[in-house]
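Trainee: Enclosed is the structure file entry-v9.pdb (PDB, C-alpha atoms).
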```pdb
MODEL        1
ATOM      1  CA  THR A  25     -49.223  15.038 -21.360
ATOM      2  CA  LEU A  26     -46.512  12.741 -20.066
ATOM      3  CA  MET A  27     -45.926   9.565 -22.008
ATOM      4  CA  ILE A  28     -43.947   6.716 -20.442
ATOM      5  CA  PRO A  29     -43.009   3.994 -22.901
ATOM      6  CA  TYR A  30     -42.860   0.454 -21.570
ATOM      7  CA  ASN A  31     -41.470  -2.778 -22.901
ATOM      8  CA  GLN A  32     -38.513  -0.922 -24.393
ATOM      9  CA  PRO A  33     -34.857  -1.529 -23.448
ATOM     10  CA  PRO A  34     -33.269   1.193 -21.304
ATOM     11  CA  PRO A  35     -30.997   3.595 -23.120
ATOM     12  CA  THR A  36     -27.333   2.708 -23.027
ATOM     13  CA  PRO A  37     -25.213   5.114 -20.965
ATOM     14  CA  ALA A  38     -22.738   7.268 -22.815
ATOM     15  CA  PRO A  39     -19.122   6.135 -22.479
ATOM     16  CA  PRO A  40     -16.935   8.278 -20.200
ATOM     17  CA  THR A  41     -15.104  11.001 -22.015
ATOM     18  CA  ALA A  42     -11.787  10.566 -20.134
ATOM     19  CA  SER A  43     -10.339   8.574 -17.275
ATOM     20  CA  VAL A  44      -8.262  10.080 -14.468
ATOM     21  CA  ASN A  45      -5.121   8.648 -16.040
ATOM     22  CA  GLU A  46      -5.892  10.446 -19.293
ATOM     23  CA  LEU A  47      -6.398  13.896 -17.711
ATOM     24  CA  SER A  48      -3.685  16.425 -18.265
ATOM     25  CA  SER A  49      -1.823  17.677 -15.197
ATOM     26  CA  ASP A  50      -3.427  21.138 -15.432
ATOM     27  CA  LEU A  51      -6.860  19.562 -14.771
ATOM     28  CA  LEU A  52      -5.770  17.675 -11.627
ATOM     29  CA  PRO A  53      -5.916  19.309  -8.170
ATOM     30  CA  PRO A  54      -2.599  20.570  -6.806
ATOM     31  CA  LEU A  55      -0.527  18.488  -4.398
ATOM     32  CA  PRO A  56      -0.488  19.591  -0.742
ATOM     33  CA  PRO A  57       2.273  22.070   0.068
ATOM     34  CA  ALA A  58       5.553  20.788   1.420
ATOM     35  CA  VAL A  59       7.109  22.108   4.620
ATOM     36  CA  SER A  60      10.230  24.004   3.650
ATOM     37  CA  MET A  61      13.056  24.100   6.153
ATOM     38  CA  THR A  62      15.182  27.192   6.644
ATOM     39  CA  PRO A  63      18.824  26.886   7.777
ATOM     40  CA  GLY A  64      17.811  27.724  11.379
ATOM     41  CA  GLY A  65      15.321  24.845  11.434
ATOM     42  CA  ALA A  66      12.133  26.919  11.289
ATOM     43  CA  ALA A  67       9.428  25.774   8.917
ATOM     44  CA  GLY A  68       7.895  28.039   6.320
ATOM     45  CA  GLY A  69       4.096  28.069   6.541
ATOM     46  CA  LEU A  70       4.087  27.562  10.324
ATOM     47  CA  ILE A  71       3.669  30.368  12.852
ATOM     48  CA  PHE A  72       4.851  29.673  16.413
ATOM     49  CA  THR A  73       3.286  31.844  19.121
ATOM     50  CA  ASN A  74       1.849  31.955  22.624
ATOM     51  CA  GLU A  75      -1.104  33.816  24.164
ATOM     52  CA  PRO A  76      -1.364  35.761  26.362
ATOM     53  CA  ASN A  77       2.043  37.354  26.203
ATOM     54  CA  PRO A  78       2.746  39.020  28.565
ATOM     55  CA  VAL A  79       1.220  36.676  31.140
ATOM     56  CA  THR A  80      -0.330  39.137  33.604
ATOM     57  CA  ASP A  81      -3.203  38.165  35.874
ATOM     58  CA  VAL A  82      -3.323  34.457  35.075
ATOM     59  CA  HIS A  83      -0.916  31.572  35.587
ATOM     60  CA  THR A  84      -1.487  30.021  32.169
ATOM     61  CA  THR A  85      -0.346  30.702  28.640
ATOM     62  CA  THR A  86      -1.052  28.627  25.552
ATOM     63  CA  PHE A  87       1.619  27.841  22.983
ATOM     64  CA  MET A  88       0.248  27.395  19.470
ATOM     65  CA  VAL A  89       1.295  26.505  15.970
ATOM     66  CA  LYS A  90      -0.736  28.360  13.361
ATOM     67  CA  GLY A  91      -0.470  28.992   9.665
ATOM     68  CA  ALA A  92      -1.239  27.433   6.329
ATOM     69  CA  LEU A  93       0.505  24.165   7.186
ATOM     70  CA  ALA A  94      -0.742  23.805  10.775
ATOM     71  CA  SER A  95      -3.002  20.921   9.734
ATOM     72  CA  LEU A  96       0.152  18.844   9.105
ATOM     73  CA  VAL A  97       1.359  19.225  12.718
ATOM     74  CA  GLU A  98       1.116  15.962  14.656
ATOM     75  CA  ALA A  99       2.445  17.095  18.060
ATOM     76  CA  ILE A 100       4.221  19.988  19.773
ATOM     77  CA  LYS A 101       6.549  20.497  22.737
ATOM     78  CA  VAL A 102       8.237  23.514  24.328
ATOM     79  CA  GLN A 103      11.411  24.412  26.189
ATOM     80  CA  ILE A 104      11.566  27.502  28.446
ATOM     81  CA  PHE A 105      14.881  29.187  29.371
ATOM     82  CA  ASP A 106      15.768  32.052  31.707
ATOM     83  CA  LEU A 107      17.888  34.907  30.352
ATOM     84  CA  SER A 108      21.114  33.197  31.428
ATOM     85  CA  GLY A 109      20.199  30.290  29.119
ATOM     86  CA  LYS A 110      19.331  27.829  31.879
ATOM     87  CA  LEU A 111      16.543  25.408  30.972
ATOM     88  CA  VAL A 112      13.763  26.007  33.524
ATOM     89  CA  TYR A 113      10.938  23.986  31.954
ATOM     90  CA  ARG A 114      10.603  21.234  29.384
ATOM     91  CA  SER A 115       7.207  19.887  28.377
ATOM     92  CA  GLY A 116       6.409  16.467  27.074
ATOM     93  CA  GLU A 117       4.941  15.906  23.635
ATOM     94  CA  VAL A 118       1.318  16.986  23.248
ATOM     95  CA  ALA A 119      -0.769  15.872  20.264
ATOM     96  CA  GLY A 120      -2.207  18.685  18.166
ATOM     97  CA  THR A 121      -1.249  22.336  17.747
ATOM     98  CA  ARG A 122      -1.862  23.709  21.274
ATOM     99  CA  LEU A 123      -0.029  23.269  24.563
ATOM    100  CA  LYS A 124      -1.092  24.902  27.857
ATOM    101  CA  TRP A 125       1.622  25.874  30.325
ATOM    102  CA  HIS A 126       0.900  26.999  33.872
ATOM    103  CA  THR A 127       4.112  29.105  34.191
ATOM    104  CA  ASN A 128       5.749  26.562  36.478
ATOM    105  CA  ASN A 129       9.295  25.244  36.374
ATOM    106  CA  ASN A 130      10.379  21.610  36.123
ATOM    107  CA  TYR A 131       9.804  21.209  39.881
ATOM    108  CA  GLY A 132       6.247  22.589  39.880
ATOM    109  CA  ALA A 133       6.951  26.030  41.408
ATOM    110  CA  TYR A 134       5.672  29.150  39.620
ATOM    111  CA  LEU A 135       8.365  31.122  37.840
ATOM    112  CA  ALA A 136       9.157  34.640  39.031
ATOM    113  CA  ASN A 137       8.159  37.721  37.073
ATOM    114  CA  GLY A 138      10.558  38.439  34.261
ATOM    115  CA  VAL A 139      11.518  37.770  30.675
ATOM    116  CA  TYR A 140      11.991  34.191  29.523
ATOM    117  CA  LEU A 141      13.000  32.656  26.217
ATOM    118  CA  TYR A 142      11.309  29.708  24.617
ATOM    119  CA  ARG A 143      11.652  27.407  21.680
ATOM    120  CA  LEU A 144       8.582  25.630  20.358
ATOM    121  CA  TYR A 145       8.897  22.364  18.414
ATOM    122  CA  ALA A 146       6.328  20.932  16.003
ATOM    123  CA  GLN A 147       6.330  17.399  14.649
ATOM    124  CA  VAL A 148       5.494  17.387  10.937
ATOM    125  CA  ASN A 149       5.561  14.151   8.940
ATOM    126  CA  GLY A 150       7.510  12.455  11.719
ATOM    127  CA  LYS A 151      10.249  15.133  11.869
ATOM    128  CA  TRP A 152      10.655  17.816  14.548
ATOM    129  CA  VAL A 153      10.724  21.413  13.340
ATOM    130  CA  ALA A 154      12.003  24.112  15.728
ATOM    131  CA  SER A 155      10.888  27.714  15.997
ATOM    132  CA  GLU A 156      13.365  30.506  16.395
ATOM    133  CA  VAL A 157      14.021  31.559  20.004
ATOM    134  CA  LYS A 158      11.115  33.750  21.128
ATOM    135  CA  LYS A 159      10.436  35.931  24.175
ATOM    136  CA  LEU A 160       7.826  35.428  26.862
ATOM    137  CA  VAL A 161       7.098  37.892  29.683
ATOM    138  CA  ILE A 162       5.600  36.947  33.047
ATOM    139  CA  LEU A 163       4.292  40.013  34.860
ATOM    140  CA  ARG A 164       1.696  39.204  37.513
TER
ENDMDL
END
```
Would you write the structure of this file as structure tokens?
Mentor:
Amino acid sequence: TLMIPYNQPPPTPAPPTASVNELSSDLLPPLPPAVSMTPGGAAGGLIFTNEPNPVTDVHTTTFMVKGALASLVEAIKVQIFDLSGKLVYRSGEVAGTRLKWHTNNNYGAYLANGVYLYRLYAQVNGKWVASEVKKLVILR
């Protein structure tokens, strides 16, 4: 049998046991990780890469920023150099963590087969973080 009393005041709620300000620090969630900078400018927690590498039967590769802190990346950009150190391609800023490149130079012509060097930049909290110099192979 279920009995429902009527004409009685509702029960008073129990007072809260603690406010957020009264909680000890070990009960609060951790702060988000900070991006640590190494002397060379690379950021710990970010992985700079491109796929496919080597570029074989396609004219496109995708540069990516991965890792535990990739969600903090606001934009990326890339610079491509030949082995003599000459800048052959510079992208503009692209929002997000991926940038597609169609293996062309600054003038729109496809680059020749060979080994190229690149540096990928990621914008984190308004500051640009550079990868180390990495290799890219074009072999069509």
Trainee: Select, from A:Val118, A:Val148, A:Ala133, A:Leu123, the residue with the minimum atom-to-atom distance to Val97 in chain A, counting all atoms listed in the file.
Mentor: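 Nearest candidate to Val97 in chain A out of A:Val118, A:Val148, A:Ala133, A:Leu123: A:Val148.
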Trainee: May I ask for the distance between CA of Asn129 in chain A and CA of Arg143 in chain A, given in Å to one decimal place?
Mentor: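 Separation between CA of Asn129 in chain A and CA of Arg143 in chain A: 15.0 Å.
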Trainee: Report as a short mmCIF file (atom, residue, chain, number, x, y, z; two decimals) with C-alpha atoms, in the frame of the given file the full result of the PyMOL selection byres ((chain A and resi 71) around 6) when it is applied to this structure.
Mentor:
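Writing the result to part-v1.cif gives the following:
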```cif
data_model
loop_
_atom_site.label_atom_id
_atom_site.label_comp_id
_atom_site.auth_asym_id
_atom_site.auth_seq_id
_atom_site.Cartn_x
_atom_site.Cartn_y
_atom_site.Cartn_z
CA LEU A 70 4.09 27.56 10.32
CA PHE A 72 4.85 29.67 16.41
CA VAL A 89 1.30 26.50 15.97
CA LYS A 90 -0.74 28.36 13.36
CA GLY A 91 -0.47 28.99 9.66
#
```
Trainee: May I ask for the distance between CA of Thr86 in chain A and CA of Asn74 in chain A, given in Å to one decimal place?
Mentor: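 Between CA of Thr86 in chain A and CA of Asn74 in chain A the gap is 5.3 Å.
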Trainee: Using CA of Asn77 in chain A and CA of Leu93 in chain A as the two end points, give the distance in Å to one decimal.
Mentor: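 Separation of CA of Asn77 in chain A and CA of Leu93 in chain A: 23.2 Å.
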Trainee: Report as a PyMOL selection string the full result of the PyMOL selection byres ((chain A and resi 106) around 9) when it is applied to this structure.
Mentor: chain A and resi 104-105+107-112+138-142
Trainee: Would you mind exporting the chosen residues as a PDB file, keeping the file's coordinate frame, restricted to C-alpha atoms?
Mentor:
```
ATOM      1  CA  ILE A 104      11.566  27.502  28.446  1.00  0.00           C
ATOM      2  CA  PHE A 105      14.881  29.187  29.371  1.00  0.00           C
ATOM      3  CA  LEU A 107      17.888  34.907  30.352  1.00  0.00           C
ATOM      4  CA  SER A 108      21.114  33.197  31.428  1.00  0.00           C
ATOM      5  CA  GLY A 109      20.199  30.290  29.119  1.00  0.00           C
ATOM      6  CA  LYS A 110      19.331  27.829  31.879  1.00  0.00           C
ATOM      7  CA  LEU A 111      16.543  25.408  30.972  1.00  0.00           C
ATOM      8  CA  VAL A 112      13.763  26.007  33.524  1.00  0.00           C
ATOM      9  CA  GLY A 138      10.558  38.439  34.261  1.00  0.00           C
ATOM     10  CA  VAL A 139      11.518  37.770  30.675  1.00  0.00           C
ATOM     11  CA  TYR A 140      11.991  34.191  29.523  1.00  0.00           C
ATOM     12  CA  LEU A 141      13.000  32.656  26.217  1.00  0.00           C
ATOM     13  CA  TYR A 142      11.309  29.708  24.617  1.00  0.00           C
TER      14      TYR A 142
END
```
Trainee: For Glu98 in chain A, which of A:Leu160, A:Val82, A:Ala119, A:Ala154 is the closest residue, counting only C-alpha atoms?
Mentor: A:Ala119
Trainee: Check what the PyMOL selection byres ((chain A and resi 100) around 7) selects in the file above and give those residues as a PyMOL selection string.
Mentor: chain A and resi 99+101+117-121+145-147
Trainee: Looking at only C-alpha atoms, which of A:Val79, A:Val153, A:Leu96, A:Ile162 is the one that sits closest to Leu135 in chain A?
Mentor: A:Ile162
Trainee: Just the residues within 10 Å of Trp125 in chain A, please, counting only C-alpha atoms, with nothing from its chain fewer than 5 positions along; format it as a list in words.
Mentor: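 Here the qualifying residues turn out to be Asn74, His83, Thr84, Thr85, Thr86, Phe87, Val102, Tyr113 and Ser115 of chain A.
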